[in-house]
$ cat work-v9.txt   # compact mmCIF, C-alpha atoms
# COMPACT_ATOMS: atom_id res chain seq x y z
CA MET Y 1063 -18.84 24.11 11.08
CA MET Y 1064 -18.21 25.12 7.45
CA GLY Y 1065 -20.61 23.80 4.84
CA ALA Y 1066 -19.11 21.36 2.36
CA VAL Y 1067 -18.72 22.44 -1.25
CA PHE Y 1068 -20.57 19.26 -2.20
CA ASN Y 1069 -23.49 17.98 -0.13
CA LEU Y 1070 -22.11 14.86 1.55
CA ASN Y 1071 -25.05 14.33 3.89
CA HIS Y 1072 -27.05 11.91 1.70
CA PRO Y 1073 -26.94 8.17 0.98
CA ALA Y 1074 -24.43 7.15 -1.67
CA HIS Y 1075 -25.53 6.76 -5.29
CA VAL Y 1076 -25.25 3.03 -5.91
CA VAL Y 1077 -24.66 1.01 -9.09
CA HIS Y 1078 -26.70 -2.19 -8.82
CA TRP Y 1079 -26.29 -4.90 -11.52
CA HIS Y 1080 -27.27 -8.52 -10.68
CA PHE Y 1081 -25.19 -9.37 -7.58
CA PHE Y 1082 -22.78 -6.48 -8.13
CA GLN Y 1083 -23.44 -3.47 -5.91
CA MET Y 1084 -21.01 -0.62 -5.39
CA SER Y 1085 -21.21 3.08 -4.69
CA VAL Y 1086 -20.44 5.44 -7.58
CA SER Y 1087 -17.64 7.02 -5.54
CA ASN Y 1088 -16.00 3.62 -5.04
CA ILE Y 1089 -16.20 2.94 -8.80
CA VAL Y 1090 -14.66 6.34 -9.51
CA VAL Y 1091 -11.75 5.58 -7.16
CA ILE Y 1092 -11.10 2.22 -8.85
CA VAL Y 1093 -11.18 3.82 -12.32
CA LEU Y 1094 -8.76 6.46 -11.02
CA MET Y 1095 -6.40 3.77 -9.75
CA LEU Y 1096 -6.41 2.05 -13.14
CA ALA Y 1097 -5.73 5.38 -14.84
CA VAL Y 1098 -2.84 6.18 -12.48
CA PHE Y 1099 -1.39 2.70 -13.09
CA ALA Y 1100 -1.54 3.15 -16.86
CA LEU Y 1101 -0.02 6.62 -16.65
CA ALA Y 1102 2.78 5.43 -14.38
CA ILE Y 1103 3.82 2.94 -17.03
CA ALA Y 1104 3.26 5.15 -20.06
CA LEU Y 1105 4.64 8.50 -18.91
CA PRO Y 1106 8.36 9.12 -19.47
CA PHE Y 1107 10.50 9.46 -16.35
CA PRO Y 1108 12.76 12.58 -16.28
CA GLY Y 1109 16.36 11.74 -17.10
CA ALA Y 1110 15.65 8.09 -17.88
CA PRO Y 1111 17.77 6.68 -20.73
CA ARG Y 1112 15.67 5.96 -23.83
CA ARG Y 1113 15.49 2.33 -24.93
CA ARG Y 1114 16.14 1.67 -28.59
CA GLY Y 1115 14.02 -1.52 -28.51
CA GLY Y 1116 14.90 -5.19 -27.87
CA ALA Y 1117 16.80 -6.72 -24.92
CA MET K 447 25.97 -12.02 9.70
CA ALA K 448 23.55 -9.12 9.29
CA VAL K 449 26.33 -6.94 7.90
CA GLN K 450 27.30 -9.75 5.50
CA ALA K 451 23.71 -10.00 4.28
CA LEU K 452 23.29 -6.24 4.06
CA PRO K 453 26.60 -4.40 3.67
CA PRO K 454 26.33 -0.58 3.74
CA GLU K 455 26.28 -0.25 -0.04
CA LYS K 456 23.26 -2.59 -0.19
CA LEU K 457 21.48 -1.17 2.85
CA LEU K 458 21.83 2.42 1.65
CA PRO K 459 22.60 2.33 -2.08
CA ASP K 460 23.40 5.62 -3.78
CA SER K 461 22.51 4.47 -7.28
CA GLN K 462 19.95 2.24 -8.94
CA PRO K 463 19.69 0.20 -12.14
CA THR K 464 18.54 2.15 -15.20
CA TYR K 465 15.27 0.25 -15.40
CA VAL K 466 14.15 1.68 -12.04
CA ALA K 467 13.83 5.12 -13.70
CA SER K 468 10.07 4.75 -14.18
CA TRP K 469 7.06 6.19 -12.40
CA ILE K 470 5.77 2.72 -11.45
CA TYR K 471 8.58 2.50 -8.89
CA VAL K 472 7.27 5.51 -6.99
CA PHE K 473 4.35 3.65 -5.43
CA GLY K 474 6.33 1.55 -2.98
CA VAL K 475 7.87 4.58 -1.30
CA ALA K 476 4.51 6.38 -1.52
CA SER K 477 3.06 3.50 0.51
CA ILE K 478 5.77 3.95 3.13
CA ALA K 479 5.27 7.74 3.23
CA SER K 480 1.51 7.40 3.74
CA LEU K 481 2.11 4.73 6.41
CA VAL K 482 4.37 7.20 8.28
CA VAL K 483 1.56 9.80 8.20
CA ILE K 484 -0.96 7.18 9.34
CA VAL K 485 1.17 6.14 12.32
CA GLY K 486 2.04 9.72 13.23
CA SER K 487 -1.56 10.96 13.14
CA GLY K 488 -2.67 7.76 14.87
CA VAL K 489 -0.25 8.36 17.74
CA ILE K 490 -1.68 11.86 18.20
CA LEU K 491 -5.26 10.53 18.16
CA SER K 492 -4.45 7.84 20.72
CA LEU K 493 -2.75 10.40 23.00
CA LYS K 494 -5.65 12.86 22.88
CA GLY K 495 -8.62 10.45 22.85
CA PRO K 496 -12.14 10.38 21.34
CA ALA K 497 -13.51 13.52 22.99
CA TRP K 498 -10.74 15.48 21.28
CA TRP K 499 -11.03 13.97 17.85
CA HIS K 500 -14.83 14.40 17.82
CA ALA K 501 -15.33 17.76 19.50
CA THR K 502 -12.41 20.06 18.62
CA GLY K 503 -11.43 21.65 15.32
CA ILE K 504 -7.85 20.46 15.40
CA GLY K 505 -9.02 17.01 16.56
CA HIS K 506 -11.37 16.77 13.57
CA PHE K 507 -8.48 17.77 11.32
CA ILE K 508 -6.06 15.13 12.64
CA ASN K 509 -8.88 12.58 12.47
CA GLY K 510 -9.36 13.53 8.83
CA ILE K 511 -5.63 13.33 8.14
CA HIS K 512 -5.61 9.82 9.60
CA LEU K 513 -8.57 8.70 7.46
CA TRP K 514 -7.31 10.20 4.20
CA ALA K 515 -3.79 8.91 4.78
CA VAL K 516 -5.35 5.43 5.01
CA GLU K 517 -7.27 6.01 1.77
CA LEU K 518 -4.05 7.12 0.08
CA PHE K 519 -2.13 4.21 1.61
CA PHE K 520 -4.46 1.63 0.07
CA PHE K 521 -4.59 3.51 -3.25
CA VAL K 522 -0.80 3.56 -3.70
CA MET K 523 -0.22 0.13 -2.14
CA VAL K 524 -2.64 -1.54 -4.56
CA VAL K 525 -1.07 0.25 -7.57
CA HIS K 526 2.30 -0.97 -6.22
CA LEU K 527 0.84 -4.50 -6.01
CA TRP K 528 -0.45 -4.32 -9.61
CA GLY K 529 2.97 -3.18 -10.84
CA LYS K 530 4.84 -5.89 -8.94
CA TYR K 531 2.42 -8.59 -10.08
CA TRP K 532 2.70 -7.70 -13.77
CA MET K 533 6.49 -7.50 -13.59
CA ALA K 534 6.53 -10.88 -11.78
CA ALA K 535 8.64 -9.40 -9.01
CA TRP K 536 9.05 -12.75 -7.23
CA ARG K 537 11.59 -13.81 -9.90
CA GLY K 538 15.26 -14.33 -9.12
CA GLY K 539 14.87 -15.66 -5.58
CA ARG K 540 12.54 -12.85 -4.46
CA THR K 541 9.78 -15.13 -3.16
CA ARG K 542 10.00 -13.72 0.37
CA VAL K 543 9.79 -10.16 -0.95
CA TRP K 544 6.49 -11.06 -2.62
CA ILE K 545 5.18 -12.95 0.40
CA THR K 546 5.99 -10.19 2.92
CA GLY K 547 4.29 -7.73 0.58
CA ALA K 548 1.18 -9.87 0.15
CA VAL K 549 0.90 -10.54 3.90
CA THR K 550 1.33 -6.83 4.63
CA PHE K 551 -1.64 -6.13 2.35
CA LEU K 552 -3.74 -8.82 4.04
CA VAL K 553 -2.87 -7.55 7.55
CA ALA K 554 -3.50 -3.91 6.54
CA ILE K 555 -7.12 -4.72 5.73
CA PRO K 556 -8.20 -5.73 9.27
CA THR K 557 -6.03 -2.88 10.58
CA ALA K 558 -8.25 -0.48 8.65
CA LEU K 559 -11.47 -2.33 9.50
CA THR K 560 -10.72 -2.29 13.25
CA GLY K 561 -10.21 1.45 12.86
CA TYR K 562 -13.71 1.85 11.45
CA VAL K 563 -15.23 0.22 14.55
CA SER K 564 -12.96 2.23 16.87
CA GLN K 565 -14.33 5.67 16.04
CA GLN K 566 -16.35 5.89 19.29
CA ASN K 567 -19.51 7.13 17.52
CA PHE K 568 -22.78 5.71 16.17
CA ASP K 569 -21.21 4.99 12.77
CA ALA K 570 -18.76 2.61 14.46
CA GLN K 571 -21.56 0.97 16.40
CA TRP K 572 -23.54 0.40 13.19
CA ILE K 573 -20.52 -0.97 11.33
CA SER K 574 -19.75 -3.42 14.14
CA THR K 575 -23.33 -4.68 14.35
CA GLN K 576 -23.33 -5.32 10.60
CA ALA K 577 -19.84 -6.83 10.58
CA LYS K 578 -20.57 -9.24 13.43
CA ASP K 579 -23.20 -11.01 11.32
CA GLY K 580 -20.84 -11.73 8.47
CA LEU K 581 -17.80 -12.59 10.59
CA ASN K 582 -19.68 -14.72 13.13
CA SER K 583 -21.29 -16.71 10.31
CA LEU K 584 -17.73 -17.69 9.28
CA GLY K 585 -16.91 -18.83 12.79
CA VAL K 586 -14.41 -16.02 13.25
CA GLY K 587 -16.51 -14.70 16.12
CA ALA K 588 -15.01 -17.43 18.30
CA PHE K 589 -11.67 -15.62 18.20
CA PHE K 590 -12.60 -11.96 18.43
CA ASN K 591 -15.75 -9.90 18.95
CA VAL K 592 -16.16 -6.88 16.67
CA THR K 593 -18.71 -5.34 19.06
CA ASN K 594 -16.09 -5.40 21.84
CA PHE K 595 -14.74 -1.91 21.24
CA GLY K 596 -11.97 -2.29 23.79
CA GLN K 597 -10.64 -5.33 21.96
CA MET K 598 -11.06 -3.72 18.54
CA TYR K 599 -9.36 -0.51 19.69
CA SER K 600 -6.40 -2.49 21.07
CA TYR K 601 -6.10 -4.51 17.87
CA HIS K 602 -6.22 -1.30 15.87
CA VAL K 603 -3.84 0.83 17.92
CA LEU K 604 -1.20 -1.75 18.86
CA LEU K 605 -1.35 -5.32 17.60
CA LEU K 606 -2.13 -4.85 13.92
CA PRO K 607 -0.06 -1.68 13.24
CA ALA K 608 2.93 -3.37 14.90
CA ALA K 609 2.46 -6.30 12.54
CA VAL K 610 2.16 -4.02 9.49
CA VAL K 611 5.26 -1.99 10.40
CA GLY K 612 7.29 -5.13 11.15
CA LEU K 613 6.29 -6.68 7.84
CA VAL K 614 7.11 -3.49 5.90
CA ILE K 615 10.58 -3.38 7.51
CA ALA K 616 11.20 -7.02 6.55
CA HIS K 617 9.87 -6.34 3.05
CA VAL K 618 12.16 -3.35 2.45
CA LEU K 619 15.24 -5.12 3.87
CA LEU K 620 14.57 -8.06 1.56
CA VAL K 621 14.32 -5.68 -1.42
CA ARG K 622 17.66 -4.17 -0.41
CA ARG K 623 19.17 -7.65 -0.13
CA HIS K 624 17.95 -8.99 -3.46
CA GLY K 625 17.80 -5.78 -5.46
CA VAL K 626 14.95 -4.56 -7.64
CA VAL K 627 13.78 -7.29 -10.02
CA PRO K 628 15.05 -6.71 -13.55
CA PRO K 629 12.57 -6.47 -16.42
CA PHE K 630 11.74 -9.43 -18.65
CA VAL K 631 14.12 -10.16 -21.50
CA LEU K 632 12.20 -9.28 -24.67
CA ASP K 633 14.24 -11.02 -27.37
CA THR K 634 13.34 -14.58 -26.35
CA SER K 635 14.71 -16.21 -29.49
CA ARG K 636 18.27 -15.97 -28.20
CA VAL K 637 17.68 -16.51 -24.48
CA SER K 638 16.56 -19.64 -22.60
CA PRO K 639 13.53 -19.46 -20.23
CA VAL K 640 15.86 -19.72 -17.22
CA GLU K 641 18.09 -16.92 -18.45
CA GLN K 642 15.02 -14.78 -19.04
CA THR K 643 14.65 -14.41 -15.28
CA LEU K 644 18.18 -13.08 -14.92
CA ALA K 645 19.34 -9.49 -15.23
CA PRO K 646 19.59 -8.08 -18.77
CA PRO K 647 23.04 -7.01 -20.05
CA ASP K 648 22.57 -3.36 -19.12
CA ALA K 649 21.44 -4.07 -15.53
CA ASP K 650 24.92 -3.18 -14.29
CA VAL K 651 24.54 0.34 -15.63
CA ARG K 652 23.74 2.39 -12.55
CA TYR K 653 21.69 5.52 -12.66
CA SER K 654 22.46 8.02 -9.95
CA GLY K 655 19.52 10.23 -10.76
CA GLY K 656 19.50 13.64 -12.43
CA ALA K 657 22.09 12.87 -15.09
CA SER K 658 20.86 12.65 -18.68
CA SER K 659 22.28 10.02 -21.00
$ encode --input "work-v9.txt" --output "structure tokens"
Amino acid sequence: MMGAVFNLNHPAHVVHWHFFQMSVSNIVVIVLMLAVFALAIALPFPGAPRRRGGA
Amino acid sequence: MAVQALPPEKLLPDSQPTYVASWIYVFGVASIASLVVIVGSGVILSLKGPAWWHATGIGHFINGIHLWAVELFFFVMVVHLWGKYWMAAWRGGRTRVWITGAVTFLVAIPTALTGYVSQQNFDAQWISTQAKDGLNSLGVGAFFNVTNFGQMYSYHVLLLPAAVVGLVIAHVLLVRRHGVVPPFVLDTSRVSPVEQTLAPPDADVRYSGGASS
């Protein structure tokens, strides 16, 4: 079996703050989702007509 | 009656309103695409069985495809949910579109969780012994037993995916029926609150894709 590029055979690094406990990888995924959401709204879509503002 | 509700030009439209030309609208179809991969890889896993998906190279690979398609499915589905929430996509008589979408999300969660306990390995055994404590404390253990792998495997392979697929079909047909929700009217000084939920003046402009304006 090929060795992984990153060592995955260890317990997750965990962020622990009061009652909040989450693995670093889970936090990274959530941050990524927020970034993708923001980009999806902000990035121009090819061929889309440009709004001149207002309804 | 079905053809009246969904005539061919609504069922298979060849154009879309101009406001749909935005990347946020990609996440619904991305959810469907990842669901297709999940079901396809899941069918292969169920045909070949646990010895195959644990002990062969190609079995490992399909197992991995199934897992990562699920990860992608939840990623894009939640971004789709965020977009639809912030554009208040239940407006204009689209309540059932929102509800079918929300219920699909809620049903997809136990679909994934029953998959975790269906792996046929020690990880699955550990997960089920932890999960039983939480679920049984809620009284849910009276209805199903997460340590009963046969039950969990059946829920995961048949009952819950059938529910998810059925809900997605209903969801998409409702979107076709009602159309994509138009954006909010920005100039509120001239438009009443009721009219703000209706289509803006340029909603009839159809965009067939590829043409620049």
$ atom_distance --input "work-v9.txt" --atom1 "atom CA of Thr502 of chain K" --atom2 "atom CA of Gln566 of chain K"
14.7 Å
$ interface_residues --input "work-v9.txt" --of "chain Y" --to "chain K" --cutoff "8 Å" --atoms "all atoms listed in the file" --output "PyMOL selection string"
chain Y and resi 1095-1096+1098-1099+1102-1103+1105-1111+1116-1117
$ residues_around --input "work-v9.txt" --residues "Thr575 of chain K" --least-positions-apart "4" --cutoff "10 Å" --atoms "all atoms listed in the file" --output "ChimeraX atom specification"
/K:563,570-571,579-580,592-593
$ atom_distance --input "work-v9.txt" --atom1 "atom CA of Val626 of chain K" --atom2 "atom CA of Gly538 of chain K"
9.9 Å
$ atom_distance --input "work-v9.txt" --atom1 "atom CA of Phe595 of chain K" --atom2 "atom CA of Ser564 of chain K"
6.3 Å
$ residues_around --input "work-v9.txt" --residues "Ser480 of chain K" --least-positions-apart "2" --cutoff "8 Å" --atoms "all atoms listed in the file" --output "list in words"
Ala476, Ser477, Ile478, Val482, Val483, Ile484, Ala515, Val516, Leu518 and Phe519 of chain K
$ axis_aligned_box --input "work-v9.txt" --around "segment 1092-1108 of chain Y" --padding-each-side "4 Å" --output "lines of an AutoDock Vina configuration file"
center_x = 0.8
center_y = 7.3
center_z = -14.5
size_x = 31.9
size_y = 18.5
size_z = 19.2
$ residues_around --input "work-v9.txt" --residues "segment 581-590 of chain K" --least-positions-apart "5" --cutoff "12 Å" --atoms "only C-alpha atoms" --output "ChimeraX atom specification"
/K:556,560,573-576,595-601
$ residues_around --input "work-v9.txt" --residues "segment 613-624 of chain K" --least-positions-apart "3" --cutoff "6 Å" --atoms "all atoms listed in the file" --output "mmCIF file with C-alpha atoms, in the coordinates of the input"
data_model
loop_
_atom_site.group_PDB
_atom_site.id
_atom_site.type_symbol
_atom_site.label_atom_id
_atom_site.label_comp_id
_atom_site.auth_asym_id
_atom_site.auth_seq_id
_atom_site.Cartn_x
_atom_site.Cartn_y
_atom_site.Cartn_z
ATOM 1 C CA LYS K 456 23.260 -2.590 -0.190
ATOM 2 C CA LEU K 457 21.480 -1.170 2.850
ATOM 3 C CA VAL K 543 9.790 -10.160 -0.950
ATOM 4 C CA THR K 546 5.990 -10.190 2.920
ATOM 5 C CA THR K 550 1.330 -6.830 4.630
ATOM 6 C CA VAL K 610 2.160 -4.020 9.490
#
$ closest_residue --input "work-v9.txt" --among "K:Gly547, K:Gly539, K:Gly488, K:Pro628" --to "Gln462 of chain K" --atoms "only C-alpha atoms"
K:Pro628
$ build_atoms --input "work-v9.txt" --residues "segment 1086-1100 of chain Y" --atoms "N, CA and C atoms" --output "short mmCIF file (atom, residue, chain, number, x, y, z; two decimals), in the frame of the given file"
data_model
loop_
_atom_site.label_atom_id
_atom_site.label_comp_id
_atom_site.auth_asym_id
_atom_site.auth_seq_id
_atom_site.Cartn_x
_atom_site.Cartn_y
_atom_site.Cartn_z
N VAL Y 1086 -21.06 4.76 -6.43
CA VAL Y 1086 -20.44 5.44 -7.58
C VAL Y 1086 -19.07 5.95 -7.20
N SER Y 1087 -18.94 6.48 -5.97
CA SER Y 1087 -17.64 7.02 -5.54
C SER Y 1087 -16.58 5.93 -5.50
N ASN Y 1088 -16.95 4.74 -5.08
CA ASN Y 1088 -16.00 3.62 -5.04
C ASN Y 1088 -15.56 3.25 -6.46
N ILE Y 1089 -16.53 3.25 -7.40
CA ILE Y 1089 -16.20 2.94 -8.80
C ILE Y 1089 -15.25 3.99 -9.36
N VAL Y 1090 -15.53 5.26 -9.03
CA VAL Y 1090 -14.66 6.34 -9.51
C VAL Y 1090 -13.23 6.15 -9.00
N VAL Y 1091 -13.09 5.78 -7.73
CA VAL Y 1091 -11.75 5.58 -7.16
C VAL Y 1091 -11.02 4.43 -7.87
N ILE Y 1092 -11.73 3.36 -8.17
CA ILE Y 1092 -11.10 2.22 -8.85
C ILE Y 1092 -10.67 2.61 -10.26
N VAL Y 1093 -11.53 3.35 -10.96
CA VAL Y 1093 -11.18 3.82 -12.32
C VAL Y 1093 -9.95 4.72 -12.24
N LEU Y 1094 -9.92 5.57 -11.22
CA LEU Y 1094 -8.76 6.46 -11.02
C LEU Y 1094 -7.48 5.66 -10.79
N MET Y 1095 -7.58 4.60 -10.01
CA MET Y 1095 -6.40 3.77 -9.75
C MET Y 1095 -5.88 3.13 -11.03
N LEU Y 1096 -6.82 2.65 -11.86
CA LEU Y 1096 -6.41 2.05 -13.14
C LEU Y 1096 -5.75 3.09 -14.03
N ALA Y 1097 -6.31 4.30 -14.02
CA ALA Y 1097 -5.73 5.38 -14.84
C ALA Y 1097 -4.33 5.74 -14.35
N VAL Y 1098 -4.16 5.85 -13.04
CA VAL Y 1098 -2.84 6.18 -12.48
C VAL Y 1098 -1.84 5.08 -12.82
N PHE Y 1099 -2.27 3.83 -12.74
CA PHE Y 1099 -1.39 2.70 -13.09
C PHE Y 1099 -0.94 2.78 -14.54
N ALA Y 1100 -1.89 3.06 -15.44
CA ALA Y 1100 -1.54 3.15 -16.86
C ALA Y 1100 -0.60 4.32 -17.12
#
